[in-house]
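Trainee: To be precise about what I am sending: the file is called start-v8.pdb and holds PDB, C-alpha atoms.
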```pdb
ATOM      1  CA  MET X   1      87.326 179.059  54.188
ATOM      2  CA  GLN X   2      85.546 178.415  57.512
ATOM      3  CA  MET X   3      86.196 174.655  57.067
ATOM      4  CA  LEU X   4      89.930 175.280  56.482
ATOM      5  CA  LYS X   5      90.214 177.445  59.612
ATOM      6  CA  ARG X   6      88.378 174.832  61.663
ATOM      7  CA  SER X   7      90.629 172.035  60.349
ATOM      8  CA  ALA X   8      93.759 174.059  61.130
ATOM      9  CA  LEU X   9      92.508 174.702  64.654
ATOM     10  CA  LEU X  10      91.781 171.022  65.231
ATOM     11  CA  LEU X  11      95.241 170.064  63.925
ATOM     12  CA  ALA X  12      96.971 172.592  66.179
ATOM     13  CA  THR X  13      94.985 171.365  69.175
ATOM     14  CA  ALA X  14      95.895 167.744  68.391
ATOM     15  CA  LEU X  15      99.594 168.593  68.068
ATOM     16  CA  LEU X  16      99.561 170.525  71.362
ATOM     17  CA  GLY X  17      97.909 167.601  73.115
ATOM     18  CA  ALA X  18     100.442 165.172  71.675
ATOM     19  CA  ALA X  19     103.353 167.347  72.844
ATOM     20  CA  SER X  20     101.969 167.649  76.352
ATOM     21  CA  SER X  21     101.552 163.878  76.566
ATOM     22  CA  VAL X  22     105.286 163.276  76.028
ATOM     23  CA  PRO X  23     106.848 162.119  79.324
ATOM     24  CA  ALA X  24     108.863 164.835  81.075
ATOM     25  CA  ALA X  25     112.014 162.699  80.962
ATOM     26  CA  ALA X  26     111.825 162.544  77.157
ATOM     27  CA  ARG X  27     111.568 166.297  76.660
ATOM     28  CA  GLU X  28     114.567 168.527  75.981
ATOM     29  CA  PRO X  29     116.194 169.287  79.394
ATOM     30  CA  THR X  30     116.200 172.887  80.541
ATOM     31  CA  VAL X  31     119.698 174.349  80.449
ATOM     32  CA  SER X  32     120.547 176.341  83.576
ATOM     33  CA  ALA X  33     122.273 179.702  83.373
ATOM     34  CA  ASP X  34     126.015 180.084  83.815
ATOM     35  CA  TYR X  35     126.666 181.717  87.187
ATOM     36  CA  ALA X  36     130.487 181.868  86.969
ATOM     37  CA  VAL X  37     132.175 185.239  87.435
ATOM     38  CA  GLY X  38     135.820 184.568  86.549
ATOM     39  CA  ALA X  39     138.794 182.403  87.445
ATOM     40  CA  GLN X  40     140.508 185.171  89.449
ATOM     41  CA  TYR X  41     137.550 185.063  91.886
ATOM     42  CA  ASP X  42     137.796 181.316  92.459
ATOM     43  CA  THR X  43     139.945 180.509  95.471
ATOM     44  CA  THR X  44     141.695 177.441  96.801
ATOM     45  CA  HIS X  45     140.795 177.073 100.493
ATOM     46  CA  VAL X  46     143.845 176.403 102.636
ATOM     47  CA  TYR X  47     143.624 175.660 106.361
ATOM     48  CA  VAL X  48     146.833 176.054 108.376
ATOM     49  CA  ALA X  49     147.721 176.219 112.047
ATOM     50  CA  VAL X  50     147.730 179.719 113.533
ATOM     51  CA  ASP X  51     151.466 179.480 114.212
ATOM     52  CA  ASP X  52     152.144 178.739 110.515
ATOM     53  CA  PHE X  53     149.776 181.355 109.085
ATOM     54  CA  ASP X  54     152.126 184.282 108.412
ATOM     55  CA  ARG X  55     154.979 182.066 107.259
ATOM     56  CA  PHE X  56     152.683 180.287 104.804
ATOM     57  CA  VAL X  57     151.299 183.504 103.309
ATOM     58  CA  ALA X  58     154.795 184.975 102.977
ATOM     59  CA  SER X  59     156.048 181.835 101.191
ATOM     60  CA  LEU X  60     153.183 182.008  98.671
ATOM     61  CA  VAL X  61     153.950 185.611  97.750
ATOM     62  CA  ALA X  62     157.697 184.909  97.603
ATOM     63  CA  THR X  63     157.096 181.975  95.255
ATOM     64  CA  PHE X  64     154.426 183.369  92.932
ATOM     65  CA  GLY X  65     154.368 187.123  93.568
ATOM     66  CA  GLY X  66     151.164 189.044  94.183
ATOM     67  CA  THR X  67     149.445 190.856  97.015
ATOM     68  CA  THR X  68     147.358 190.090 100.092
ATOM     69  CA  SER X  69     144.233 191.471 101.692
ATOM     70  CA  LYS X  70     144.305 192.831 105.223
ATOM     71  CA  GLN X  71     144.505 190.015 107.749
ATOM     72  CA  GLY X  72     141.679 189.749 110.284
ATOM     73  CA  VAL X  73     139.817 187.423 112.629
ATOM     74  CA  PHE X  74     136.266 186.573 111.601
ATOM     75  CA  GLN X  75     133.390 184.149 111.941
ATOM     76  CA  VAL X  76     133.011 182.585 108.505
ATOM     77  CA  THR X  77     130.893 179.578 109.475
ATOM     78  CA  PRO X  78     127.179 179.453 110.356
ATOM     79  CA  THR X  79     127.944 178.147 113.858
ATOM     80  CA  PRO X  80     130.200 179.951 116.389
ATOM     81  CA  SER X  81     133.896 179.904 115.455
ATOM     82  CA  GLN X  82     136.805 182.274 115.028
ATOM     83  CA  THR X  83     139.462 182.131 112.337
ATOM     84  CA  MET X  84     142.312 184.233 111.073
ATOM     85  CA  SER X  85     141.567 184.903 107.421
ATOM     86  CA  GLN X  86     143.464 186.458 104.545
ATOM     87  CA  LEU X  87     143.140 186.512 100.759
ATOM     88  CA  VAL X  88     146.282 185.973  98.688
ATOM     89  CA  LEU X  89     146.048 187.300  95.124
ATOM     90  CA  THR X  90     148.846 185.860  92.985
ATOM     91  CA  PRO X  91     149.187 186.087  89.180
ATOM     92  CA  VAL X  92     148.664 182.310  88.966
ATOM     93  CA  GLY X  93     145.729 181.818  91.320
ATOM     94  CA  THR X  94     143.848 183.162  94.333
ATOM     95  CA  LEU X  95     143.891 181.518  97.755
ATOM     96  CA  SER X  96     141.716 181.954 100.846
ATOM     97  CA  VAL X  97     143.827 181.149 103.900
ATOM     98  CA  PHE X  98     142.242 180.189 107.226
ATOM     99  CA  GLY X  99     143.889 179.724 110.600
ATOM    100  CA  PHE X 100     141.194 178.694 113.069
ATOM    101  CA  LYS X 101     141.588 179.804 116.677
ATOM    102  CA  THR X 102     138.651 177.555 117.664
ATOM    103  CA  PRO X 103     137.770 173.994 116.642
ATOM    104  CA  ILE X 104     136.684 173.897 112.979
ATOM    105  CA  PRO X 105     132.948 173.154 112.640
ATOM    106  CA  TYR X 106     131.851 170.396 110.250
ATOM    107  CA  PRO X 107     132.129 170.224 107.249
ATOM    108  CA  PHE X 108     134.545 173.137 106.911
ATOM    109  CA  GLY X 109     138.121 172.235 106.137
ATOM    110  CA  GLY X 110     136.983 169.569 103.686
ATOM    111  CA  GLU X 111     136.076 171.935 100.839
ATOM    112  CA  ARG X 112     138.774 172.412  98.242
ATOM    113  CA  THR X 113     137.635 175.627  96.572
ATOM    114  CA  GLY X 114     135.361 178.626  96.799
ATOM    115  CA  TYR X 115     133.680 179.714  93.558
ATOM    116  CA  LEU X 116     132.163 183.195  93.232
ATOM    117  CA  VAL X 117     128.714 183.128  91.602
ATOM    118  CA  THR X 118     126.447 185.866  90.284
ATOM    119  CA  ASP X 119     123.296 184.595  92.042
ATOM    120  CA  MET X 120     123.598 182.543  95.218
ATOM    121  CA  ASP X 121     120.146 180.950  95.288
ATOM    122  CA  ALA X 122     119.960 180.254  91.565
ATOM    123  CA  ALA X 123     123.480 178.789  91.465
ATOM    124  CA  THR X 124     122.760 176.562  94.461
ATOM    125  CA  ASN X 125     119.543 175.314  92.887
ATOM    126  CA  ALA X 126     121.378 174.622  89.643
ATOM    127  CA  ALA X 127     124.110 172.687  91.470
ATOM    128  CA  VAL X 128     121.526 170.516  93.241
ATOM    129  CA  LYS X 129     119.661 169.998  89.961
ATOM    130  CA  HIS X 130     122.896 168.775  88.380
ATOM    131  CA  GLY X 131     123.737 166.236  91.057
ATOM    132  CA  ALA X 132     125.338 168.120  93.955
ATOM    133  CA  ALA X 133     124.181 167.744  97.556
ATOM    134  CA  ARG X 134     124.230 170.600 100.052
ATOM    135  CA  LEU X 135     126.419 169.768 103.044
ATOM    136  CA  VAL X 136     125.503 173.109 104.601
ATOM    137  CA  THR X 137     122.515 175.159 103.498
ATOM    138  CA  THR X 138     123.054 178.780 102.479
ATOM    139  CA  PHE X 139     124.319 181.007 105.299
ATOM    140  CA  PRO X 140     125.559 184.607 105.673
ATOM    141  CA  ASP X 141     129.189 185.575 106.215
ATOM    142  CA  PRO X 142     130.711 189.017 106.960
ATOM    143  CA  ILE X 143     130.763 190.004 103.266
ATOM    144  CA  GLY X 144     128.066 187.918 101.570
ATOM    145  CA  ARG X 145     126.527 184.456 101.515
ATOM    146  CA  ASP X 146     127.874 180.918 101.147
ATOM    147  CA  VAL X 147     126.899 177.290 100.668
ATOM    148  CA  VAL X 148     128.970 174.090 100.773
ATOM    149  CA  VAL X 149     128.101 171.374  98.256
ATOM    150  CA  GLN X 150     129.394 167.919  97.463
ATOM    151  CA  TRP X 151     129.591 166.450  93.950
ATOM    152  CA  PRO X 152     129.637 162.737  93.065
ATOM    153  CA  GLY X 153     132.904 161.205  94.209
ATOM    154  CA  GLY X 154     133.035 163.277  97.398
ATOM    155  CA  VAL X 155     134.298 166.485  95.764
ATOM    156  CA  ASN X 156     133.443 169.312  98.181
ATOM    157  CA  MET X 157     133.221 172.936  97.061
ATOM    158  CA  GLN X 158     131.972 176.212  98.471
ATOM    159  CA  LEU X 159     129.915 178.598  96.361
ATOM    160  CA  TYR X 160     129.884 182.191  97.546
ATOM    161  CA  TRP X 161     128.378 185.570  96.688
ATOM    162  CA  HIS X 162     129.588 189.048  97.717
ATOM    163  CA  THR X 163     127.312 191.847  98.856
ATOM    164  CA  ALA X 164     129.705 194.348  97.208
ATOM    165  CA  LYS X 165     131.038 193.228  93.830
ATOM    166  CA  PRO X 166     134.800 192.544  94.089
ATOM    167  CA  ASN X 167     137.313 193.610  91.453
ATOM    168  CA  TYR X 168     140.436 191.443  91.184
ATOM    169  CA  PRO X 169     143.022 191.646  88.381
ATOM    170  CA  ALA X 170     142.942 189.008  85.658
ATOM    171  CA  LEU X 171     145.339 186.084  86.109
ATOM    172  CA  ALA X 172     148.500 185.591  84.077
ATOM    173  CA  HIS X 173     147.831 181.841  84.201
ATOM    174  CA  VAL X 174     144.625 180.110  85.298
ATOM    175  CA  PRO X 175     145.266 177.368  87.888
ATOM    176  CA  GLU X 176     143.694 173.931  87.715
ATOM    177  CA  ASN X 177     141.568 172.222  90.329
ATOM    178  CA  ARG X 178     143.123 168.722  90.584
ATOM    179  CA  VAL X 179     140.481 166.106  91.363
ATOM    180  CA  TYR X 180     141.461 162.486  92.035
ATOM    181  CA  LEU X 181     138.705 159.914  91.395
ATOM    182  CA  THR X 182     138.278 156.221  90.609
ATOM    183  CA  PRO X 183     136.604 154.872  87.434
ATOM    184  CA  ASP X 184     133.470 154.090  89.493
ATOM    185  CA  VAL X 185     132.455 157.749  89.602
ATOM    186  CA  ALA X 186     134.675 159.758  87.245
ATOM    187  CA  ASP X 187     132.275 159.911  84.285
ATOM    188  CA  THR X 188     129.362 160.752  86.569
ATOM    189  CA  PHE X 189     131.299 163.597  88.160
ATOM    190  CA  VAL X 190     132.409 164.999  84.796
ATOM    191  CA  LYS X 191     128.855 164.819  83.426
ATOM    192  CA  HIS X 192     127.329 166.633  86.406
ATOM    193  CA  TRP X 193     130.073 169.224  86.815
ATOM    194  CA  THR X 194     130.215 170.199  83.134
ATOM    195  CA  ALA X 195     126.412 170.501  83.004
ATOM    196  CA  PHE X 196     126.416 172.885  85.978
ATOM    197  CA  ALA X 197     129.539 174.822  85.006
ATOM    198  CA  HIS X 198     128.846 174.967  81.257
ATOM    199  CA  GLY X 199     132.211 173.274  80.979
ATOM    200  CA  LYS X 200     133.776 171.235  78.225
ATOM    201  CA  VAL X 201     136.326 168.454  78.004
ATOM    202  CA  THR X 202     139.404 169.805  76.235
ATOM    203  CA  ARG X 203     141.448 166.610  76.442
ATOM    204  CA  ASP X 204     140.791 163.026  77.512
ATOM    205  CA  VAL X 205     143.783 160.684  77.630
ATOM    206  CA  PRO X 206     142.621 157.153  78.534
ATOM    207  CA  ASN X 207     146.087 155.618  79.053
ATOM    208  CA  ALA X 208     148.462 158.198  80.491
ATOM    209  CA  ALA X 209     151.678 156.866  82.039
ATOM    210  CA  GLY X 210     151.117 155.878  85.664
ATOM    211  CA  ALA X 211     154.619 157.014  86.579
ATOM    212  CA  GLU X 212     153.258 160.578  86.374
ATOM    213  CA  ILE X 213     151.231 159.922  89.551
ATOM    214  CA  GLY X 214     153.697 157.631  91.311
ATOM    215  CA  GLN X 215     152.449 154.374  89.740
ATOM    216  CA  PRO X 216     155.150 153.104  87.368
ATOM    217  CA  GLY X 217     153.981 150.155  85.286
ATOM    218  CA  LYS X 218     150.348 151.270  85.449
ATOM    219  CA  SER X 219     148.262 153.731  83.472
ATOM    220  CA  TYR X 220     145.649 156.277  84.445
ATOM    221  CA  ARG X 221     143.028 158.397  82.710
ATOM    222  CA  ARG X 222     143.650 162.130  82.457
ATOM    223  CA  ILE X 223     140.639 164.388  81.751
ATOM    224  CA  GLU X 224     141.201 168.131  81.246
ATOM    225  CA  LEU X 225     138.191 170.453  81.600
ATOM    226  CA  THR X 226     137.595 174.169  81.286
ATOM    227  CA  SER X 227     134.701 176.452  82.217
ATOM    228  CA  GLY X 228     133.975 179.942  83.532
ATOM    229  CA  TYR X 229     135.200 178.625  86.895
ATOM    230  CA  GLY X 230     138.644 177.949  85.452
ATOM    231  CA  LYS X 231     140.495 174.753  84.659
ATOM    232  CA  MET X 232     140.070 171.309  86.170
ATOM    233  CA  LEU X 233     142.139 168.150  85.852
ATOM    234  CA  VAL X 234     140.381 164.896  86.735
ATOM    235  CA  ILE X 235     142.922 162.172  87.504
ATOM    236  CA  VAL X 236     141.264 158.751  87.263
ATOM    237  CA  SER X 237     143.147 155.830  88.818
ATOM    238  CA  ASP X 238     142.705 152.803  91.070
ATOM    239  CA  GLY X 239     143.234 155.138  94.035
ATOM    240  CA  GLN X 240     146.326 153.262  95.241
ATOM    241  CA  LEU X 241     148.430 156.399  95.288
ATOM    242  CA  PRO X 242     151.717 156.893  97.144
ATOM    243  CA  TRP X 243     152.339 160.069  99.134
ATOM    244  CA  PRO X 244     151.924 162.905  98.187
ATOM    245  CA  TYR X 245     149.710 162.228  95.150
ATOM    246  CA  GLY X 246     146.063 162.989  95.836
ATOM    247  CA  ARG X 247     146.985 165.671  98.384
ATOM    248  CA  ASP X 248     147.637 168.264  95.682
ATOM    249  CA  MET X 249     144.346 170.179  95.284
ATOM    250  CA  THR X 250     145.582 172.852  92.874
ATOM    251  CA  GLY X 251     148.071 173.009  90.017
ATOM    252  CA  TYR X 252     149.755 176.351  89.280
ATOM    253  CA  GLU X 253     151.110 177.185  85.826
ATOM    254  CA  VAL X 254     154.233 179.360  85.722
ATOM    255  CA  ASP X 255     156.459 180.644  82.927
ATOM    256  CA  ASP X 256     159.657 179.069  84.255
ATOM    257  CA  LEU X 257     159.356 176.055  86.552
ATOM    258  CA  GLY X 258     163.051 175.992  87.503
ATOM    259  CA  ALA X 259     163.105 179.646  88.514
ATOM    260  CA  THR X 260     159.859 179.274  90.482
ATOM    261  CA  LEU X 261     161.158 176.231  92.364
ATOM    262  CA  SER X 262     164.308 178.186  93.263
ATOM    263  CA  LYS X 263     162.180 181.002  94.704
ATOM    264  CA  ALA X 264     160.066 178.463  96.559
ATOM    265  CA  GLN X 265     163.083 176.751  98.092
ATOM    266  CA  ALA X 266     164.456 180.089  99.289
ATOM    267  CA  ALA X 267     161.071 180.759 100.944
ATOM    268  CA  GLY X 268     161.109 177.485 102.886
ATOM    269  CA  VAL X 269     159.005 175.431 100.454
ATOM    270  CA  GLY X 270     160.036 171.776 100.205
ATOM    271  CA  THR X 271     160.096 169.800  96.944
ATOM    272  CA  LEU X 272     158.248 166.490  97.368
ATOM    273  CA  VAL X 273     158.426 165.293  93.747
ATOM    274  CA  PRO X 274     161.167 166.836  91.573
ATOM    275  CA  ALA X 275     160.378 168.235  88.137
ATOM    276  CA  HIS X 276     159.280 165.510  85.716
ATOM    277  CA  SER X 277     157.331 165.129  82.494
ATOM    278  CA  GLU X 278     153.568 164.958  82.997
ATOM    279  CA  GLY X 279     150.850 165.398  80.397
ATOM    280  CA  GLY X 280     153.053 167.293  77.962
ATOM    281  CA  ARG X 281     154.517 169.630  80.542
ATOM    282  CA  SER X 282     157.164 169.811  83.242
ATOM    283  CA  SER X 283     155.647 169.329  86.708
ATOM    284  CA  ALA X 284     156.707 169.184  90.360
ATOM    285  CA  LEU X 285     154.933 168.689  93.683
ATOM    286  CA  VAL X 286     155.855 170.926  96.611
ATOM    287  CA  ARG X 287     154.855 171.475 100.241
ATOM    288  CA  PHE X 288     154.566 174.987 101.650
ATOM    289  CA  PRO X 289     155.137 175.881 105.309
ATOM    290  CA  GLY X 290     152.063 174.754 107.200
ATOM    291  CA  GLY X 291     151.661 171.610 105.076
ATOM    292  CA  TYR X 292     149.886 172.847 101.930
ATOM    293  CA  VAL X 293     150.749 170.515  99.015
ATOM    294  CA  ALA X 294     150.536 171.912  95.484
ATOM    295  CA  GLU X 295     151.534 171.061  91.949
ATOM    296  CA  ILE X 296     153.531 173.601  89.915
ATOM    297  CA  HIS X 297     154.110 173.255  86.188
ATOM    298  CA  SER X 298     155.251 174.977  83.041
ATOM    299  CA  ARG X 299     154.359 174.104  79.481
ATOM    300  CA  ALA X 300     156.809 172.090  77.417
ATOM    301  CA  GLY X 301     158.844 174.248  75.035
TER
END
```
Could you spell out this file's structure in structure tokens?
Mentor:
Amino acid sequence: MQMLKRSALLLATALLGAASSVPAAAREPTVSADYAVGAQYDTTHVYVAVDDFDRFVASLVATFGGTTSKQGVFQVTPTPSQTMSQLVLTPVGTLSVFGFKTPIPYPFGGERTGYLVTDMDAATNAAVKHGAARLVTTFPDPIGRDVVVQWPGGVNMQLYWHTAKPNYPALAHVPENRVYLTPDVADTFVKHWTAFAHGKVTRDVPNAAGAEIGQPGKSYRRIELTSGYGKMLVIVSDGQLPWPYGRDMTGYEVDDLGATLSKAQAAGVGTLVPAHSEGGRSSALVRFPGGYVAEIHSRAG
């Protein structure tokens, strides 16, 4: 019996030593936690001139419906600055609108979205671990903390955390973050983003019709993703895009595209690309007062 116990101990010790000798790169990677809160807390960042601020906000609400937070002037950057700021809560997506009264400090204005996370430090560490670079280290703002990161391909995002937990209504339709990339970096971006966001590819069309992005006679790759941060559409092309393609940061799903475009036109929103078939849906590109370009779509049928 003593011999058996001793043999078992030696075997266990040998196995433990063998496991510890396996190179770190060959071991199972540690999966980070999911720090997403919900799509209604993820905002498109829109920067407009002060003179266009009120007109822009009014046109959003007239087009999509919804409510707004109280408008104010704040410092939302780590270095001295002053901006008008207002949150627009629509049934199809949330927007953070900024109208800077001072020059905009770098790198603000280049981030496309703000994503609410449950743990600022842990989420930032996870983003860096999964391939993001911090453009600005974590800093306080009037209601919480923020960081600006950049993913492969130059995709800038802001992660933020609130001191007091917000409570926004669920969305009728979750918007999509529209990311334009070239084949050089698209797979790398998708790999890193989905690992951080616990996302998954729901559709990958390698040869979508180029006419959908203003390139008749060509094709492009269309990758649809989803995660706790909402939807994302990665549009992979040669980058030789005519205006206004590539300027549309967010796509908004609505029940009736025609009716929504009529409301938009009445609110001073211009149609840049009329309704057309794109990825199994009807889609249009519009420009709101102040210059914000967006895609609006409704599902086919």
Trainee: Where does the PyMOL selection byres ((chain X and resi 189) around 9) land in this file, that is, which residues does it pick, as a VMD selection string?
Mentor: chain X and resid 131 151 to 153 155 181 185 to 188 190 to 194
Trainee: List the residues selected by the PyMOL selection byres ((chain X and resi 295) around 9) in the file shown, writing them as a PyMOL selection string.
Mentor: chain X and resi 178+248-253+283-287+293-294+296-297
Trainee: Could you state which residues are captured by the PyMOL selection byres ((chain X and resi 231) around 8) in this file, as a VMD selection string?
Mentor: chain X and resid 174 to 177 224 to 227 229 to 230 232 to 233
Trainee: Report as a PyMOL selection string all protein, DNA and RNA residues lying within 9 Å of segment 72-77 of chain X, evaluated on only C-alpha atoms, omitting residues in the same chain fewer than 6 positions from it.
Mentor: chain X and resi 83-86+99-101+104-105+108+139-142+146
Trainee: Rounded to one decimal, what separation in Å do you get between atom CA of Glu111 of chain X and atom CA of Asp184 of chain X?
Mentor: 21.3 Å
Trainee: Nearest to Ala164 of chain X among X:Arg134, X:Ala211, X:Thr118, X:Val148, with distances taken over all atoms listed in the file: which residue is it?
Mentor: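 Answer, going by the shortest atom-to-atom distance: X:Thr118.
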Trainee: Which residue is closest to Val61 of chain X? Choose from X:Gly144, X:Pro91, X:Gly109, X:Gly280 and count all atoms listed in the file.
Mentor: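 The answer is X:Pro91, which sits nearest to Val61 of chain X.
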Trainee: Please return, as JSON, numbers by chain, all polymer residues that have at least one atom within 7 Å of the point (159.0, 175.5, 81.1); use only C-alpha atoms and the file's own coordinate frame.
Mentor: {"X": [255, 256, 257, 282, 298, 299, 300, 301]}
Trainee: Any chance you could export the current selection's C-alpha atoms as a PDB file, in the coordinates of the input?
Mentor:
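Okay, this is what ended up in part_17.pdb:
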```
ATOM      1  CA  ASP X 255     156.459 180.644  82.927  1.00  0.00           C
ATOM      2  CA  ASP X 256     159.657 179.069  84.255  1.00  0.00           C
ATOM      3  CA  LEU X 257     159.356 176.055  86.552  1.00  0.00           C
ATOM      4  CA  SER X 282     157.164 169.811  83.242  1.00  0.00           C
ATOM      5  CA  SER X 298     155.251 174.977  83.041  1.00  0.00           C
ATOM      6  CA  ARG X 299     154.359 174.104  79.481  1.00  0.00           C
ATOM      7  CA  ALA X 300     156.809 172.090  77.417  1.00  0.00           C
ATOM      8  CA  GLY X 301     158.844 174.248  75.035  1.00  0.00           C
TER       9      GLY X 301
END
```
Trainee: Quick one: everything within 8 Å of Asp34 of chain X, counting all atoms listed in the file, minus sequence neighbours fewer than 5 positions away in the same chain. Send it as number ranges by chain.
Mentor: X: 196-198, 228
Trainee: Which value, in Å to one decimal, gives the distance between atom CA of Val97 of chain X and atom CA of Tyr180 of chain X?
Mentor: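 Atom-to-atom, atom CA of Val97 of chain X to atom CA of Tyr180 of chain X, that is 22.2 Å.
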Trainee: Tell me, in Å to one decimal, how far atom CA of Ile223 of chain X is from atom CA of Tyr47 of chain X.
Mentor: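 If I compute the distance from atom CA of Ile223 of chain X to atom CA of Tyr47 of chain X, I get 27.2 Å.
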Trainee: Can you list, as a PyMOL selection string, every protein, DNA or RNA residue that comes within 9 Å of segment 166-168 of chain X when you count all atoms listed in the file, leaving out same-chain residues fewer than 2 positions away?
Mentor: chain X and resi 40-41+89+162-164+170-171
Trainee: Using all atoms listed in the file, can you list as a list in words the residues within 9 Å of (148.2, 190.7, 105.9)?
Mentor: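 Those residues, ordered by chain and then number, are Asp54, Val57, Thr67, Thr68, Ser69, Lys70, Gln71, Gly72, Ser85, Gln86, Leu87 and Val88 of chain X.
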Trainee: Calculated over all atoms listed in the file, which of the candidates X:Ala209, X:Val136, X:Met120, X:Val201 has the smallest distance to Ser277 of chain X?
Mentor: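 Counting all atoms listed in the file, the residue closest to Ser277 of chain X is X:Ala209.
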Trainee: Which of these, X:Gly199, X:Pro242, X:Pro103, X:Pro274, has the shortest distance to Pro216 of chain X once you count all atoms listed in the file?
Mentor: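 Smallest distance to Pro216 of chain X is found for X:Pro242.
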Trainee: Mind checking which residues fall within 6 Å of Val236 of chain X, counting all atoms listed in the file, ignoring those fewer than 6 positions away in the same chain, and posting them as a list in words?
Mentor: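 Here the qualifying residues turn out to be Leu181, Thr182, Tyr220 and Arg221 of chain X.
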Trainee: Would you give the centre and edge lengths, in Å to one decimal, of a box along x, y and z around the listed atoms of segment 123-138 of chain X, with 8 Å added to each side, as AutoDock Vina command-line options?
Mentor:
```
--center_x 123.0 --center_y 172.5 --center_z 96.5 --size_x 22.9 --size_y 28.6 --size_z 32.2
```
Trainee: Using all atoms listed in the file, which of the listed residues (X:Arg222, X:Lys200, X:His276, X:Arg145) sits closest to Asp121 of chain X?
Mentor: X:Arg145
Trainee: Restore all heavy atoms in segment 192-197 of chain X and list the result as a PDB file, in the frame of the given file.
Mentor:
```
ATOM      1  N   HIS X 192     128.066 165.702  85.558  1.00  0.00           N
ATOM      2  CA  HIS X 192     127.329 166.633  86.406  1.00  0.00           C
ATOM      3  C   HIS X 192     128.032 167.984  86.506  1.00  0.00           C
ATOM      4  O   HIS X 192     127.380 169.035  86.455  1.00  0.00           O
ATOM      5  CB  HIS X 192     127.122 166.034  87.791  1.00  0.00           C
ATOM      6  CG  HIS X 192     126.121 164.917  87.822  1.00  0.00           C
ATOM      7  ND1 HIS X 192     124.765 165.132  87.908  1.00  0.00           N
ATOM      8  CD2 HIS X 192     126.273 163.569  87.768  1.00  0.00           C
ATOM      9  CE1 HIS X 192     124.124 163.967  87.915  1.00  0.00           C
ATOM     10  NE2 HIS X 192     125.029 163.007  87.824  1.00  0.00           N
ATOM     11  N   TRP X 193     129.352 167.972  86.664  1.00  0.00           N
ATOM     12  CA  TRP X 193     130.073 169.224  86.815  1.00  0.00           C
ATOM     13  C   TRP X 193     130.006 170.058  85.535  1.00  0.00           C
ATOM     14  O   TRP X 193     129.752 171.264  85.584  1.00  0.00           O
ATOM     15  CB  TRP X 193     131.534 168.978  87.204  1.00  0.00           C
ATOM     16  CG  TRP X 193     132.351 170.232  87.128  1.00  0.00           C
ATOM     17  CD1 TRP X 193     133.310 170.547  86.210  1.00  0.00           C
ATOM     18  CD2 TRP X 193     132.247 171.373  87.986  1.00  0.00           C
ATOM     19  NE1 TRP X 193     133.818 171.800  86.440  1.00  0.00           N
ATOM     20  CE2 TRP X 193     133.172 172.335  87.524  1.00  0.00           C
ATOM     21  CE3 TRP X 193     131.456 171.671  89.091  1.00  0.00           C
ATOM     22  CZ2 TRP X 193     133.328 173.575  88.136  1.00  0.00           C
ATOM     23  CZ3 TRP X 193     131.613 172.916  89.701  1.00  0.00           C
ATOM     24  CH2 TRP X 193     132.534 173.841  89.232  1.00  0.00           C
ATOM     25  N   THR X 194     130.237 169.434  84.376  1.00  0.00           N
ATOM     26  CA  THR X 194     130.215 170.199  83.134  1.00  0.00           C
ATOM     27  C   THR X 194     128.819 170.739  82.834  1.00  0.00           C
ATOM     28  O   THR X 194     128.683 171.830  82.267  1.00  0.00           O
ATOM     29  CB  THR X 194     130.715 169.360  81.945  1.00  0.00           C
ATOM     30  OG1 THR X 194     129.956 168.140  81.866  1.00  0.00           O
ATOM     31  CG2 THR X 194     132.191 169.036  82.090  1.00  0.00           C
ATOM     32  N   ALA X 195     127.774 170.005  83.219  1.00  0.00           N
ATOM     33  CA  ALA X 195     126.412 170.501  83.004  1.00  0.00           C
ATOM     34  C   ALA X 195     126.151 171.746  83.851  1.00  0.00           C
ATOM     35  O   ALA X 195     125.576 172.726  83.379  1.00  0.00           O
ATOM     36  CB  ALA X 195     125.395 169.415  83.337  1.00  0.00           C
ATOM     37  N   PHE X 196     126.601 171.725  85.100  1.00  0.00           N
ATOM     38  CA  PHE X 196     126.416 172.885  85.978  1.00  0.00           C
ATOM     39  C   PHE X 196     127.287 174.057  85.539  1.00  0.00           C
ATOM     40  O   PHE X 196     126.833 175.201  85.475  1.00  0.00           O
ATOM     41  CB  PHE X 196     126.761 172.511  87.419  1.00  0.00           C
ATOM     42  CG  PHE X 196     126.957 173.704  88.318  1.00  0.00           C
ATOM     43  CD1 PHE X 196     125.881 174.451  88.762  1.00  0.00           C
ATOM     44  CD2 PHE X 196     128.241 174.097  88.699  1.00  0.00           C
ATOM     45  CE1 PHE X 196     126.063 175.573  89.574  1.00  0.00           C
ATOM     46  CE2 PHE X 196     128.438 175.205  89.508  1.00  0.00           C
ATOM     47  CZ  PHE X 196     127.340 175.947  89.945  1.00  0.00           C
ATOM     48  N   ALA X 197     128.553 173.768  85.246  1.00  0.00           N
ATOM     49  CA  ALA X 197     129.539 174.822  85.006  1.00  0.00           C
ATOM     50  C   ALA X 197     129.585 175.283  83.558  1.00  0.00           C
ATOM     51  O   ALA X 197     130.353 176.188  83.228  1.00  0.00           O
ATOM     52  CB  ALA X 197     130.930 174.332  85.410  1.00  0.00           C
TER      53      ALA X 197
END
```
